[in-house]
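model.cif (mmCIF, C-alpha atoms and all ligand atoms)
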data_upload
#
loop_
_atom_site.group_PDB
_atom_site.id
_atom_site.type_symbol
_atom_site.label_atom_id
_atom_site.label_comp_id
_atom_site.auth_asym_id
_atom_site.auth_seq_id
_atom_site.Cartn_x
_atom_site.Cartn_y
_atom_site.Cartn_z
ATOM 1 C CA MET G 869 136.382 51.758 166.189
ATOM 2 C CA LYS G 870 133.090 50.381 167.324
ATOM 3 C CA LYS G 871 131.057 48.848 164.550
ATOM 4 C CA ILE G 872 127.489 50.103 164.229
ATOM 5 C CA PRO G 873 125.211 47.125 163.773
ATOM 6 C CA PHE G 874 122.883 47.029 160.779
ATOM 7 C CA GLU G 875 119.469 48.239 161.871
ATOM 8 C CA GLN G 876 116.707 45.743 161.398
ATOM 9 C CA PRO G 877 113.225 47.146 160.724
ATOM 10 C CA SER G 878 112.191 47.479 164.345
ATOM 11 C CA ILE G 879 110.086 49.317 166.822
ATOM 12 C CA GLU G 880 112.252 52.396 166.165
ATOM 13 C CA SER G 881 111.464 52.491 162.430
ATOM 14 C CA GLU G 882 107.796 51.987 163.258
ATOM 15 C CA THR G 883 108.072 54.871 165.700
ATOM 16 C CA ALA G 884 109.658 57.012 163.007
ATOM 17 C CA GLU G 885 106.806 56.136 160.675
ATOM 18 C CA SER G 886 104.126 56.898 163.196
ATOM 19 C CA LEU G 887 105.963 60.082 164.172
ATOM 20 C CA SER G 888 106.057 61.212 160.578
ATOM 21 C CA ALA G 889 102.343 60.383 160.195
ATOM 22 C CA LYS G 890 101.619 62.427 163.317
ATOM 23 C CA LEU G 891 103.749 65.292 161.986
ATOM 24 C CA LEU G 892 101.813 65.196 158.721
ATOM 25 C CA GLN G 893 98.544 65.251 160.642
ATOM 26 C CA VAL G 894 99.653 68.172 162.820
ATOM 27 C CA SER G 895 100.957 70.086 159.823
ATOM 28 C CA SER G 896 97.665 69.601 157.954
ATOM 29 C CA GLN G 897 95.764 70.729 161.081
ATOM 30 C CA LEU G 898 98.009 73.799 161.246
ATOM 31 C CA MET G 899 97.339 74.525 157.575
ATOM 32 C CA GLU G 900 93.577 74.262 158.207
ATOM 33 C CA ALA G 901 93.827 76.522 161.268
ATOM 34 C CA ASN G 902 95.855 79.003 159.235
ATOM 35 C CA LYS G 903 93.239 78.961 156.463
ATOM 36 C CA GLU G 904 90.487 79.536 159.036
ATOM 37 C CA LEU G 905 92.450 82.437 160.577
ATOM 38 C CA LYS G 906 92.889 84.008 157.142
ATOM 39 C CA ARG G 907 89.163 83.574 156.421
ATOM 40 C CA MET G 908 88.259 85.174 159.749
ATOM 41 C CA GLU G 909 90.691 88.032 159.166
ATOM 42 C CA LEU G 910 89.164 88.634 155.719
ATOM 43 C CA GLU G 911 85.648 88.522 157.190
ATOM 44 C CA ARG G 912 86.664 90.965 159.923
ATOM 45 C CA ARG G 913 88.140 93.368 157.377
ATOM 46 C CA GLU G 914 85.051 93.070 155.173
ATOM 47 C CA MET G 915 82.870 93.737 158.201
ATOM 48 C CA LEU G 916 84.867 96.860 159.104
ATOM 49 C CA ALA G 917 84.684 98.097 155.502
ATOM 50 C CA ASN G 918 80.924 97.409 155.335
ATOM 51 C CA ILE G 919 80.246 99.005 158.693
ATOM 52 C CA SER G 920 82.301 102.110 157.843
ATOM 53 C CA HIS G 921 80.290 102.324 154.640
ATOM 54 C CA ASP G 922 76.974 101.846 156.509
ATOM 55 C CA LEU G 923 77.889 104.449 159.123
ATOM 56 C CA ARG G 924 78.950 107.036 156.565
ATOM 57 C CA ALA G 925 75.521 107.397 154.883
ATOM 58 C CA PRO G 926 73.498 108.253 158.032
ATOM 59 C CA ILE G 927 76.268 110.492 159.375
ATOM 60 C CA THR G 928 76.316 112.438 156.095
ATOM 61 C CA ALA G 929 72.510 112.771 156.224
ATOM 62 C CA ILE G 930 72.597 113.968 159.855
ATOM 63 C CA ARG G 931 75.340 116.477 159.032
ATOM 64 C CA SER G 932 73.435 117.886 156.023
ATOM 65 C CA ALA G 933 70.245 118.209 158.089
ATOM 66 C CA THR G 934 72.030 119.961 160.995
ATOM 67 C CA ASP G 935 73.910 122.241 158.551
ATOM 68 C CA TYR G 936 70.554 123.198 157.042
ATOM 69 C CA LEU G 937 68.922 123.721 160.449
ATOM 70 C CA THR G 938 71.771 125.952 161.648
ATOM 71 C CA SER G 939 72.062 127.900 158.362
ATOM 72 C CA GLY G 940 69.189 130.229 159.240
ATOM 73 C CA ASN G 941 67.530 129.353 155.919
ATOM 74 C CA VAL G 942 64.834 126.985 157.229
ATOM 75 C CA LEU G 943 61.766 127.792 155.139
ATOM 76 C CA SER G 944 58.859 126.412 157.132
ATOM 77 C CA ASP G 945 57.831 124.481 160.242
ATOM 78 C CA GLU G 946 57.287 121.453 158.049
ATOM 79 C CA ASP G 947 60.871 121.733 156.773
ATOM 80 C CA TYR G 948 62.072 121.983 160.332
ATOM 81 C CA ARG G 949 60.064 118.904 161.394
ATOM 82 C CA SER G 950 61.174 116.770 158.473
ATOM 83 C CA CYS G 951 64.846 117.580 159.230
ATOM 84 C CA LEU G 952 64.348 116.564 162.870
ATOM 85 C CA ASN G 953 62.572 113.366 161.784
ATOM 86 C CA LEU G 954 65.435 112.518 159.485
ATOM 87 C CA ILE G 955 67.991 113.104 162.254
ATOM 88 C CA ASP G 956 65.922 110.965 164.646
ATOM 89 C CA LYS G 957 65.561 108.081 162.170
ATOM 90 C CA ARG G 958 69.219 108.061 161.175
ATOM 91 C CA THR G 959 70.393 108.313 164.784
ATOM 92 C CA ARG G 960 68.259 105.297 165.717
ATOM 93 C CA PHE G 961 69.795 103.356 162.825
ATOM 94 C CA LEU G 962 73.313 104.257 164.069
ATOM 95 C CA GLU G 963 72.364 103.153 167.582
ATOM 96 C CA GLU G 964 71.082 99.825 166.253
ATOM 97 C CA ILE G 965 74.294 99.112 164.307
ATOM 98 C CA ILE G 966 76.490 99.983 167.288
ATOM 99 C CA GLN G 967 74.403 97.926 169.747
ATOM 100 C CA ASP G 968 74.355 94.904 167.412
ATOM 101 C CA MET G 969 78.105 95.177 166.776
ATOM 102 C CA TYR G 970 78.802 95.262 170.499
ATOM 103 C CA TYR G 971 76.428 92.342 171.121
ATOM 104 C CA LEU G 972 78.111 90.297 168.378
ATOM 105 C CA PHE G 973 81.597 90.977 169.788
ATOM 106 C CA CYS G 974 80.360 89.887 173.254
ATOM 107 C CA VAL G 975 78.786 86.615 172.093
ATOM 108 C CA GLU G 976 81.812 85.803 169.946
ATOM 109 C CA ASP G 977 84.115 86.146 172.931
ATOM 110 C CA THR G 978 84.698 82.507 173.871
ATOM 111 C CA SER G 979 86.649 83.524 176.976
ATOM 112 C CA LYS G 980 83.227 84.387 178.442
ATOM 113 C CA SER G 981 81.300 81.174 179.000
ATOM 114 C CA LEU G 982 77.576 80.828 178.450
ATOM 115 C CA ASN G 983 75.322 80.793 181.462
ATOM 116 C CA LEU G 984 73.732 77.402 180.741
ATOM 117 C CA GLN G 985 70.514 76.379 182.469
ATOM 118 C CA THR G 986 68.587 73.147 182.002
ATOM 119 C CA VAL G 987 65.040 73.708 180.793
ATOM 120 C CA ASP G 988 62.196 71.670 179.358
ATOM 121 C CA ALA G 989 62.245 72.510 175.622
ATOM 122 C CA ALA G 990 58.463 72.378 175.108
ATOM 123 C CA ILE G 991 57.769 74.659 178.075
ATOM 124 C CA PHE G 992 60.539 77.113 177.157
ATOM 125 C CA PHE G 993 59.447 77.580 173.510
ATOM 126 C CA GLU G 994 55.758 77.660 174.396
ATOM 127 C CA GLU G 995 56.391 80.397 176.980
ATOM 128 C CA TYR G 996 58.508 82.364 174.505
ATOM 129 C CA PHE G 997 55.743 82.154 171.886
ATOM 130 C CA TYR G 998 52.903 83.278 174.166
ATOM 131 C CA ASP G 999 55.016 86.115 175.622
ATOM 132 C CA ALA G 1000 56.047 87.270 172.145
ATOM 133 C CA ILE G 1001 52.650 87.350 170.479
ATOM 134 C CA VAL G 1002 51.236 89.956 172.855
ATOM 135 C CA ASP G 1003 53.587 92.433 171.129
ATOM 136 C CA THR G 1004 51.606 94.702 168.819
ATOM 137 C CA ARG G 1005 54.132 94.010 166.021
ATOM 138 C CA TYR G 1006 52.436 90.653 165.518
ATOM 139 C CA ASP G 1007 48.884 92.012 165.530
ATOM 140 C CA ASN G 1008 48.540 91.780 161.760
ATOM 141 C CA HIS G 1009 50.021 88.310 161.448
ATOM 142 C CA ASP G 1010 48.585 84.853 161.844
ATOM 143 C CA MET G 1011 50.857 83.471 164.600
ATOM 144 C CA LYS G 1012 51.061 79.671 164.934
ATOM 145 C CA LEU G 1013 52.806 77.308 167.322
ATOM 146 C CA GLU G 1014 53.567 73.678 166.454
ATOM 147 C CA ILE G 1015 55.064 71.563 169.219
ATOM 148 C CA ALA G 1016 54.387 67.841 169.453
ATOM 149 C CA ASN G 1017 52.366 66.990 172.581
ATOM 150 C CA ASP G 1018 54.740 64.208 173.526
ATOM 151 C CA LEU G 1019 57.923 66.320 173.211
ATOM 152 C CA SER G 1020 59.694 65.726 176.485
ATOM 153 C CA ILE G 1021 63.239 66.945 176.100
ATOM 154 C CA GLN G 1022 65.639 68.825 178.335
ATOM 155 C CA ILE G 1023 68.074 71.307 176.822
ATOM 156 C CA ALA G 1024 70.911 73.315 178.376
ATOM 157 C CA ILE G 1025 70.712 76.897 177.152
ATOM 158 C CA ASP G 1026 71.771 80.424 177.977
ATOM 159 C CA ILE G 1027 68.187 81.694 178.187
ATOM 160 C CA PRO G 1028 68.683 85.397 177.252
ATOM 161 C CA ARG G 1029 70.899 84.366 174.308
ATOM 162 C CA ILE G 1030 68.354 81.878 172.899
ATOM 163 C CA VAL G 1031 65.614 84.460 173.438
ATOM 164 C CA ARG G 1032 67.744 86.829 171.345
ATOM 165 C CA VAL G 1033 67.963 84.177 168.576
ATOM 166 C CA LEU G 1034 64.168 83.812 168.535
ATOM 167 C CA ASP G 1035 63.648 87.600 168.709
ATOM 168 C CA ASN G 1036 65.902 88.111 165.674
ATOM 169 C CA LEU G 1037 64.156 85.390 163.658
ATOM 170 C CA PHE G 1038 60.669 86.634 164.611
ATOM 171 C CA THR G 1039 61.616 90.263 163.857
ATOM 172 C CA ASN G 1040 62.878 89.251 160.423
ATOM 173 C CA ALA G 1041 59.777 87.143 159.773
ATOM 174 C CA VAL G 1042 57.645 90.256 160.379
ATOM 175 C CA LYS G 1043 60.003 92.656 158.593
ATOM 176 C CA TYR G 1044 60.160 90.580 155.430
ATOM 177 C CA SER G 1045 56.464 89.616 155.221
ATOM 178 C CA PHE G 1046 53.250 91.357 154.322
ATOM 179 C CA PRO G 1047 50.442 91.962 156.825
ATOM 180 C CA GLU G 1048 48.041 89.031 157.294
ATOM 181 C CA SER G 1049 50.724 86.479 156.406
ATOM 182 C CA SER G 1050 51.472 83.647 158.809
ATOM 183 C CA ILE G 1051 54.476 83.116 161.084
ATOM 184 C CA THR G 1052 54.967 79.677 162.655
ATOM 185 C CA LEU G 1053 57.245 78.534 165.460
ATOM 186 C CA LYS G 1054 57.791 74.794 165.118
ATOM 187 C CA VAL G 1055 59.776 72.573 167.487
ATOM 188 C CA THR G 1056 60.515 68.926 166.692
ATOM 189 C CA GLN G 1057 62.895 66.253 167.809
ATOM 190 C CA LEU G 1058 65.330 65.085 165.124
ATOM 191 C CA PRO G 1059 65.221 61.355 164.339
ATOM 192 C CA SER G 1060 68.698 60.924 165.835
ATOM 193 C CA GLU G 1061 66.970 61.999 169.096
ATOM 194 C CA ASN G 1062 70.065 63.904 170.184
ATOM 195 C CA TYR G 1063 68.957 67.268 168.848
ATOM 196 C CA ILE G 1064 65.826 69.361 168.641
ATOM 197 C CA LEU G 1065 65.067 71.401 165.533
ATOM 198 C CA VAL G 1066 63.500 74.821 166.021
ATOM 199 C CA SER G 1067 62.061 76.578 162.957
ATOM 200 C CA VAL G 1068 60.577 80.010 162.348
ATOM 201 C CA ILE G 1069 58.554 79.797 159.151
ATOM 202 C CA ASP G 1070 56.997 82.705 157.283
ATOM 203 C CA ASN G 1071 55.244 83.075 153.971
ATOM 204 C CA GLY G 1072 56.792 86.449 153.239
ATOM 205 C CA ILE G 1073 58.903 87.774 150.388
ATOM 206 C CA GLY G 1074 61.496 84.957 150.478
ATOM 207 C CA ILE G 1075 65.161 85.230 149.529
ATOM 208 C CA PRO G 1076 66.730 84.928 146.055
ATOM 209 C CA LYS G 1077 68.555 81.599 145.643
ATOM 210 C CA GLU G 1078 71.914 83.281 144.993
ATOM 211 C CA ALA G 1079 71.685 85.329 148.207
ATOM 212 C CA ILE G 1080 70.949 82.408 150.578
ATOM 213 C CA PRO G 1081 74.613 81.310 151.030
ATOM 214 C CA HIS G 1082 75.536 84.847 152.197
ATOM 215 C CA ILE G 1083 72.751 85.822 154.571
ATOM 216 C CA PHE G 1084 74.499 84.575 157.721
ATOM 217 C CA ASN G 1085 77.573 86.680 156.846
ATOM 218 C CA ARG G 1086 78.134 89.829 158.828
ATOM 219 C CA THR G 1087 76.472 92.941 157.473
ATOM 220 C CA TYR G 1088 74.884 91.100 154.541
ATOM 221 C CA THR G 1089 71.636 92.727 153.513
ATOM 222 C CA VAL G 1090 69.903 91.577 150.349
ATOM 223 C CA SER G 1091 68.502 94.979 149.418
ATOM 224 C CA SER G 1092 66.441 97.557 151.267
ATOM 225 C CA ALA G 1093 64.262 97.956 148.184
ATOM 226 C CA ARG G 1094 62.928 94.421 148.667
ATOM 227 C CA THR G 1095 61.466 94.818 152.134
ATOM 228 C CA PRO G 1096 57.731 95.511 152.221
ATOM 229 C CA ASN G 1097 58.365 98.667 154.287
ATOM 230 C CA SER G 1098 61.858 99.538 152.892
ATOM 231 C CA ASN G 1099 63.187 98.908 156.356
ATOM 232 C CA THR G 1100 66.303 96.777 156.927
ATOM 233 C CA GLY G 1101 68.400 96.642 160.059
ATOM 234 C CA SER G 1102 72.084 96.543 160.841
ATOM 235 C CA GLY G 1103 72.641 93.446 158.714
ATOM 236 C CA LEU G 1104 74.159 91.724 161.777
ATOM 237 C CA GLY G 1105 71.017 89.940 163.027
ATOM 238 C CA LEU G 1106 71.606 86.554 161.386
ATOM 239 C CA SER G 1107 75.336 86.582 162.275
ATOM 240 C CA ILE G 1108 74.287 87.018 165.888
ATOM 241 C CA VAL G 1109 71.842 84.082 165.492
ATOM 242 C CA LYS G 1110 74.555 81.868 163.975
ATOM 243 C CA THR G 1111 77.169 82.753 166.603
ATOM 244 C CA ILE G 1112 74.811 82.074 169.524
ATOM 245 C CA VAL G 1113 73.546 78.773 168.091
ATOM 246 C CA GLU G 1114 77.067 77.555 167.289
ATOM 247 C CA ARG G 1115 78.195 78.428 170.819
ATOM 248 C CA HIS G 1116 75.440 76.037 171.972
ATOM 249 C CA GLU G 1117 76.915 73.323 169.665
ATOM 250 C CA GLY G 1118 74.007 73.674 167.250
ATOM 251 C CA ASN G 1119 73.669 74.611 163.581
ATOM 252 C CA VAL G 1120 71.613 77.109 161.602
ATOM 253 C CA PHE G 1121 69.846 76.525 158.280
ATOM 254 C CA CYS G 1122 67.783 78.548 155.853
ATOM 255 C CA GLU G 1123 65.385 77.338 153.190
ATOM 256 C CA SER G 1124 63.664 80.010 151.174
ATOM 257 C CA GLU G 1125 61.894 80.650 147.929
ATOM 258 C CA GLU G 1126 61.391 84.104 146.495
ATOM 259 C CA GLY G 1127 57.749 85.142 146.662
ATOM 260 C CA LYS G 1128 56.823 82.110 148.786
ATOM 261 C CA GLY G 1129 58.537 82.503 152.130
ATOM 262 C CA SER G 1130 61.391 81.389 154.335
ATOM 263 C CA CYS G 1131 62.126 78.802 156.963
ATOM 264 C CA PHE G 1132 64.976 79.593 159.367
ATOM 265 C CA SER G 1133 65.921 76.642 161.567
ATOM 266 C CA PHE G 1134 68.464 75.856 164.235
ATOM 267 C CA THR G 1135 69.379 72.753 166.188
ATOM 268 C CA LEU G 1136 70.196 72.428 169.883
ATOM 269 C CA PRO G 1137 71.646 69.340 171.573
ATOM 270 C CA CYS G 1138 69.374 67.510 173.997
ATOM 271 C CA ILE G 1139 70.460 66.391 177.426
ATOM 272 C CA LYS G 1140 70.426 62.589 177.510
HETATM 273 P P1 LIG T 1 69.001 92.805 158.444
HETATM 274 O O1 LIG T 1 69.369 93.738 159.539
HETATM 275 O O2 LIG T 1 69.356 93.329 157.074
HETATM 276 O O3 LIG T 1 67.596 92.285 158.548
HETATM 277 P P2 LIG T 1 69.857 90.097 159.010
HETATM 278 O O4 LIG T 1 71.240 89.580 159.271
HETATM 279 O O5 LIG T 1 68.833 89.858 160.053
HETATM 280 O O6 LIG T 1 70.035 91.621 158.666
HETATM 281 O O7 LIG T 1 69.340 89.456 157.644
HETATM 282 C C1 LIG T 1 70.189 89.488 156.509
HETATM 283 C C2 LIG T 1 69.355 89.530 155.255
HETATM 284 O O8 LIG T 1 68.656 88.288 155.109
HETATM 285 C C3 LIG T 1 68.254 90.593 155.291
HETATM 286 O O9 LIG T 1 68.740 91.818 154.800
HETATM 287 C C4 LIG T 1 67.187 90.005 154.401
HETATM 288 O O10 LIG T 1 67.417 90.347 153.065
HETATM 289 C C5 LIG T 1 67.374 88.500 154.524
HETATM 290 N N1 LIG T 1 66.359 87.924 155.430
HETATM 291 C C6 LIG T 1 66.502 87.599 156.728
HETATM 292 N N2 LIG T 1 65.388 87.031 157.228
HETATM 293 C C7 LIG T 1 64.497 86.996 156.200
HETATM 294 C C8 LIG T 1 63.142 86.518 156.048
HETATM 295 N N3 LIG T 1 62.485 85.951 157.059
HETATM 296 N N4 LIG T 1 62.561 86.656 154.827
HETATM 297 C C9 LIG T 1 63.222 87.204 153.788
HETATM 298 N N5 LIG T 1 64.481 87.679 153.859
HETATM 299 C C10 LIG T 1 65.129 87.571 155.043
#
When written as structure tokens, how does the structure in this file appear?
Amino acid sequence: MKKIPFEQPSIESETAESLSAKLLQVSSQLMEANKELKRMELERREMLANISHDLRAPITAIRSATDYLTSGNVLSDEDYRSCLNLIDKRTRFLEEIIQDMYYLFCVEDTSKSLNLQTVDAAIFFEEYFYDAIVDTRYDNHDMKLEIANDLSIQIAIDIPRIVRVLDNLFTNAVKYSFPESSITLKVTQLPSENYILVSVIDNGIGIPKEAIPHIFNRTYTVSSARTPNSNTGSGLGLSIVKTIVERHEGNVFCESEEGKGSCFSFTLPCIK
């Protein structure tokens, strides 16, 4: 019988050690990925539950109004008009939720790549600002632009997607502020020089401290009662902002104080 020699600590044992370290690393990565999958699954289920809930209220209102209109008991022209107005308003709300949901699913789909174009950051944001402020929505607000004169940075962006980010932040700044308040678009270069920081700052109603960690979640709406015109949207706007910015390798941030205002910021990598 052949004698098996005693194994000295050798390359093989080192290999076994490094293999086991690698296995540990892979298994912890798998655990993290699994956790992330579970979190996403939970978020998806919550979103479906929230959206079903959000869709039910307008559908019930539309059904009641149409039942009333077709009952033959409509009392006056005014009654008739207010039912039609209600149907119109609720239908628009349903359209907005469905459009935003579809948009979110499209931007989340990483199998579809972004259409990146290289642009000069200062020119891009300046053009956005001057195009936006001609909209009558901003007529009652003091619109300000702050971009350093010497900002000379190139960024690679999917233009319509970043326009959508700015549109959502500007729309919210108007929606959650009172007339005559100010809205500022500020663009700066971060000290690391590798990123620019874009901020939309308002001095509107602000956000309660406890709500801030949730506002980028899908369908999170603080409360319709808090908006100056009792008008909230689909609740998907900031999730769309976050998804688009993260697909550009950037991050989103929110600083806000109730009664004082909010600052929504995002970063975008610069081209070196
Ligand atoms: P919504 O359709 O409800 O506006 P968003 O995802 O855009 O959905 O925003 C989520 C919530 O964050 C809003 O319901 C609102 O309470 C709060 N919010 C967003 N932007 C602002 C802002 N500029 N000022 C105050 N609250 C804001």
Practice task
Please check which protein, DNA or RNA residues sit within 9 Å of ligand LIG 1 (chain T), counting only C-alpha atoms and all ligand atoms, and write them as an NGL selection string.
Solution key: :G and (965 or 1036-1045 or 1068-1076 or 1079-1080 or 1082-1092 or 1094-1095 or 1099-1109 or 1122 or 1124-1126 or 1129-1132)
Exercise for the section: Taking the file as shown, find all residues satisfying the PyMOL selection byres (((chain G and resi 1001-1007) around 9) and not hetatm) and write them as number ranges by chain. Expected result: G: 996-1000, 1008-1011, 1039, 1042, 1047-1048, 1051
Practice task
Determine the residue set returned by the PyMOL selection byres (((chain G and resi 1022) around 9) and not hetatm) for the present structure, and present it as a ChimeraX atom specification.
Solution key: /G:986-990,1020-1021,1023-1024,1138-1140
Exercise for the section: Specify as a list in words each residue included when the PyMOL selection byres (((chain G and resi 923) around 12) and not hetatm) is applied to this file. Expected result: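 Going through the file, the PyMOL selection byres (((chain G and resi 923) around 12) and not hetatm) ends up selecting Met915, Leu916, Ala917, Asn918, Ile919, Ser920, His921, Asp922, Arg924, Ala925, Pro926, Ile927, Thr928, Ala929, Ile930, Arg958, Thr959, Arg960, Phe961, Leu962, Glu963, Glu964, Ile965, Ile966, Thr1087 and Ser1102 of chain G.
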Problem - Residue neighbourhood stretch 947-951 of chain G, 10 Å, only C-alpha atoms, exclusion window fewer than 4 positions, as a list in words - result: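 Near neighbours after the sequence-gap exclusion: Ala929, Ile930, Ser932, Ala933, Thr934, Tyr936, Leu937, Val942, Leu943, Ile955, Asp956 and Lys957 of chain G.
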Hey, could you pull the box centre and edge lengths for stretch 918-929 of chain G, axis-aligned, 3 Å padding per side, all listed atoms, to one decimal in Å, as AutoDock Vina command-line options?
--center_x 77.4 --center_y 105.1 --center_z 157.0 --size_x 15.8 --size_y 21.4 --size_z 10.7
Practice task
Please indicate the distance in Å from atom CA of G:Tyr970 to atom CA of G:Phe1134, rounded to one decimal place.
Solution key: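 Interatomic distance here is 22.9 Å.
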